[in-house]
$ cat my_file20.cif   # mmCIF, C-alpha atoms
data_protein
#
loop_
_atom_site.label_atom_id
_atom_site.label_comp_id
_atom_site.auth_asym_id
_atom_site.auth_seq_id
_atom_site.Cartn_x
_atom_site.Cartn_y
_atom_site.Cartn_z
CA MET C 1 34.47 -32.11 1.66
CA ARG C 2 33.84 -32.73 5.32
CA PHE C 3 36.22 -31.68 8.11
CA GLU C 4 35.73 -32.42 11.81
CA ALA C 5 37.57 -31.03 14.83
CA THR C 6 37.10 -32.26 18.41
CA SER C 7 38.17 -30.83 21.78
CA SER C 8 41.19 -32.57 23.24
CA GLU C 9 41.39 -33.70 26.85
CA ALA C 10 44.77 -31.96 27.29
CA ALA C 11 43.40 -28.63 26.06
CA LEU C 12 40.29 -28.94 28.23
CA ALA C 13 42.43 -29.67 31.32
CA ALA C 14 44.92 -26.89 30.59
CA ASN C 15 42.14 -24.33 30.16
CA GLY C 16 40.22 -25.24 33.31
CA LYS C 17 37.37 -27.05 31.57
CA ILE C 18 38.21 -30.57 32.75
CA ILE C 19 34.55 -31.26 33.58
CA ASN C 20 33.89 -31.16 29.81
CA ALA C 21 36.43 -33.92 29.10
CA VAL C 22 33.62 -36.51 28.94
CA THR C 23 31.46 -34.18 26.81
CA PRO C 24 33.83 -32.50 24.31
CA TRP C 25 32.83 -30.11 21.56
CA HIS C 26 32.68 -31.36 17.96
CA LEU C 27 32.76 -28.90 15.07
CA ILE C 28 31.97 -30.21 11.57
CA VAL C 29 32.36 -28.20 8.37
CA ASP C 30 30.66 -29.75 5.34
CA THR C 31 31.25 -27.87 2.08
CA ASP C 32 28.96 -30.19 0.11
CA GLU C 33 25.93 -29.36 2.27
CA GLU C 34 27.26 -25.85 3.03
CA THR C 35 26.77 -26.26 6.77
CA ILE C 36 28.71 -25.87 10.00
CA THR C 37 27.59 -28.08 12.89
CA VAL C 38 28.62 -27.68 16.54
CA ARG C 39 27.73 -30.63 18.79
CA LYS C 40 28.18 -31.18 22.51
CA ARG C 41 26.73 -33.87 24.73
CA ASN C 42 24.82 -32.63 27.78
CA LEU C 43 26.50 -33.00 31.16
CA SER C 44 23.57 -35.19 32.18
CA MET C 45 24.65 -37.55 29.33
CA ILE C 46 21.03 -37.83 28.18
CA GLY C 47 21.10 -35.88 24.92
CA VAL C 48 23.22 -33.90 22.50
CA ASP C 49 22.99 -30.16 21.89
CA GLU C 50 23.50 -29.28 18.23
CA ASP C 51 23.69 -25.98 16.36
CA VAL C 52 23.68 -26.04 12.56
CA LEU C 53 24.60 -22.94 10.56
CA VAL C 54 24.34 -22.35 6.83
CA PHE C 55 27.39 -20.74 5.19
CA ARG C 56 25.51 -17.75 3.79
CA PHE C 57 24.77 -16.43 7.28
CA ILE C 58 28.40 -16.17 8.51
CA ARG C 59 29.60 -12.69 9.43
CA ARG C 60 32.82 -13.31 11.38
CA ILE C 61 35.18 -16.05 12.54
CA ARG C 62 37.18 -15.43 15.71
CA ILE C 63 39.93 -17.76 16.94
CA ASP C 64 41.13 -17.34 20.54
CA GLN C 65 44.40 -19.25 20.96
CA HIS C 66 45.55 -20.54 24.34
CA LEU C 67 48.80 -22.15 25.46
CA ILE C 68 47.23 -25.50 24.56
CA GLY C 69 44.35 -25.46 22.08
CA ALA C 70 42.08 -22.72 20.80
CA ASP C 71 38.45 -21.63 20.93
CA ILE C 72 36.61 -20.76 17.73
CA GLU C 73 33.62 -18.46 17.60
CA ILE C 74 31.50 -18.14 14.49
CA LYS C 75 29.18 -15.13 14.39
CA THR C 76 26.12 -15.21 12.17
CA ILE C 77 23.24 -12.87 11.46
CA VAL C 78 21.13 -14.62 14.09
CA GLY C 79 23.66 -15.33 16.85
CA THR C 80 26.99 -16.86 17.75
CA VAL C 81 28.24 -20.42 18.20
CA THR C 82 31.40 -21.40 20.03
CA ALA C 83 33.47 -24.57 20.20
CA CYS C 84 36.12 -24.63 22.92
CA CYS C 85 39.53 -26.26 23.29
CA LEU C 86 39.96 -27.49 19.73
CA SER C 87 43.44 -27.89 18.30
CA LYS C 88 45.03 -24.72 16.96
CA SER C 89 45.66 -26.39 13.61
CA GLY C 90 42.03 -27.55 13.47
CA CYS C 91 40.77 -24.00 14.00
CA LYS C 92 43.13 -22.64 11.36
CA ARG C 93 42.04 -25.37 8.93
CA ILE C 94 38.35 -24.54 9.50
CA LYS C 95 39.05 -20.87 8.80
CA GLN C 96 41.05 -21.81 5.70
CA ILE C 97 38.27 -24.08 4.36
CA LEU C 98 35.67 -21.34 4.78
CA MET C 99 37.87 -18.67 3.19
CA GLU C 100 38.73 -20.92 0.23
CA TYR C 101 35.06 -21.77 -0.21
CA ASN C 102 34.26 -18.06 -0.15
CA THR C 103 36.70 -17.34 -3.01
CA THR C 104 35.18 -20.03 -5.23
CA LYS C 105 31.76 -18.34 -5.20
CA HIS C 106 32.87 -15.36 -7.39
CA GLY C 107 30.26 -12.97 -6.05
CA LYS C 108 27.34 -15.41 -5.87
CA GLY C 109 26.53 -16.56 -2.36
CA ILE C 110 29.55 -14.99 -0.71
CA ILE C 111 29.53 -16.21 2.87
CA PHE C 112 31.26 -13.28 4.53
CA ALA C 113 29.44 -9.97 4.40
#

$ encode --input "my_file20.cif" --output "C-alpha cells"
Amino acid sequence: MRFEATSSEAALAANGKIINAVTPWHLIVDTDEETITVRKRNLSMIGVDEDVLVFRFIRRIRIDQHLIGADIEIKTIVGTVTACCLSKSGCKRIKQILMEYNTTKHGKGIIFA
C-alpha cells in the first residue's frame, strides 16, 4: 500500500510558511517497499531534496498540530526528517499505517524500538 500526503497552501499560509507554497512537502509511505520518503523542491526550483527512510530504523513519530494543518517529525537511529503543514488527517493516517504495519510483524522486524 502506498499513501501520500502533501502540504496544503492554506496550511502553509496560516503557519507563516507562504514562501513554501510553490515548493510544498510530500511525504510518501510505501508498505510494500517498507520506506518513508520526504520530498521537497528547492527554492531555486532546480532540483528536489529527498530523504528515504527504511521502516526498521524508526524510533519515534511526533505530530505537531496547528490551527490549520500539522507537522510530522519522524526520528530514526541516524537522524530526523520533518514534513510541514500536512493535513491533520494525513498525519494521523501515516501514524496509523505505521502502527498497523508494526503489529503485523509479530516480533520480527518491529519498526519501533

$ closest_residue --input "my_file20.cif" --among "C:Val78, C:Ile61, C:Trp25, C:Ala11" --to "Gln96 in chain C" --atoms "only C-alpha atoms"
C:Ile61

$ atom_distance --input "my_file20.cif" --atom1 "CA of Glu50 in chain C" --atom2 "CA of Ala13 in chain C"
23.0 Å

$ residues_around --input "my_file20.cif" --residues "Val29 in chain C" --least-positions-apart "4" --cutoff "6 Å" --atoms "only C-alpha atoms" --output "mmCIF file with C-alpha atoms, in the frame of the given file"
data_model
loop_
_atom_site.group_PDB
_atom_site.id
_atom_site.type_symbol
_atom_site.label_atom_id
_atom_site.label_comp_id
_atom_site.auth_asym_id
_atom_site.auth_seq_id
_atom_site.Cartn_x
_atom_site.Cartn_y
_atom_site.Cartn_z
ATOM 1 C CA ARG C 2 33.840 -32.730 5.320
ATOM 2 C CA PHE C 3 36.220 -31.680 8.110
ATOM 3 C CA ILE C 36 28.710 -25.870 10.000
#

$ atom_distance --input "my_file20.cif" --atom1 "CA of Glu4 in chain C" --atom2 "CA of Phe57 in chain C"
19.9 Å

$ atom_distance --input "my_file20.cif" --atom1 "CA of Arg41 in chain C" --atom2 "CA of Cys84 in chain C"
13.3 Å

$ residues_around --input "my_file20.cif" --residues "Asn15 in chain C" --least-positions-apart "4" --cutoff "9 Å" --atoms "only C-alpha atoms" --output "list in words"
Ala10, Ala11, His66, Leu67, Ile68, Gly69 and Cys85 of chain C

$ write_last_selection --input "my_file20.cif" --atoms "C-alpha atoms" --output "compact mmCIF listing (two decimals), in the frame of the given file"
# COMPACT_ATOMS: atom_id res chain seq x y z
CA ALA C 10 44.77 -31.96 27.29
CA ALA C 11 43.40 -28.63 26.06
CA HIS C 66 45.55 -20.54 24.34
CA LEU C 67 48.80 -22.15 25.46
CA ILE C 68 47.23 -25.50 24.56
CA GLY C 69 44.35 -25.46 22.08
CA CYS C 85 39.53 -26.26 23.29

$ closest_residue --input "my_file20.cif" --among "C:Ile97, C:Leu53, C:Gln65, C:Thr104" --to "Thr80 in chain C" --atoms "all atoms listed in the file"
C:Leu53
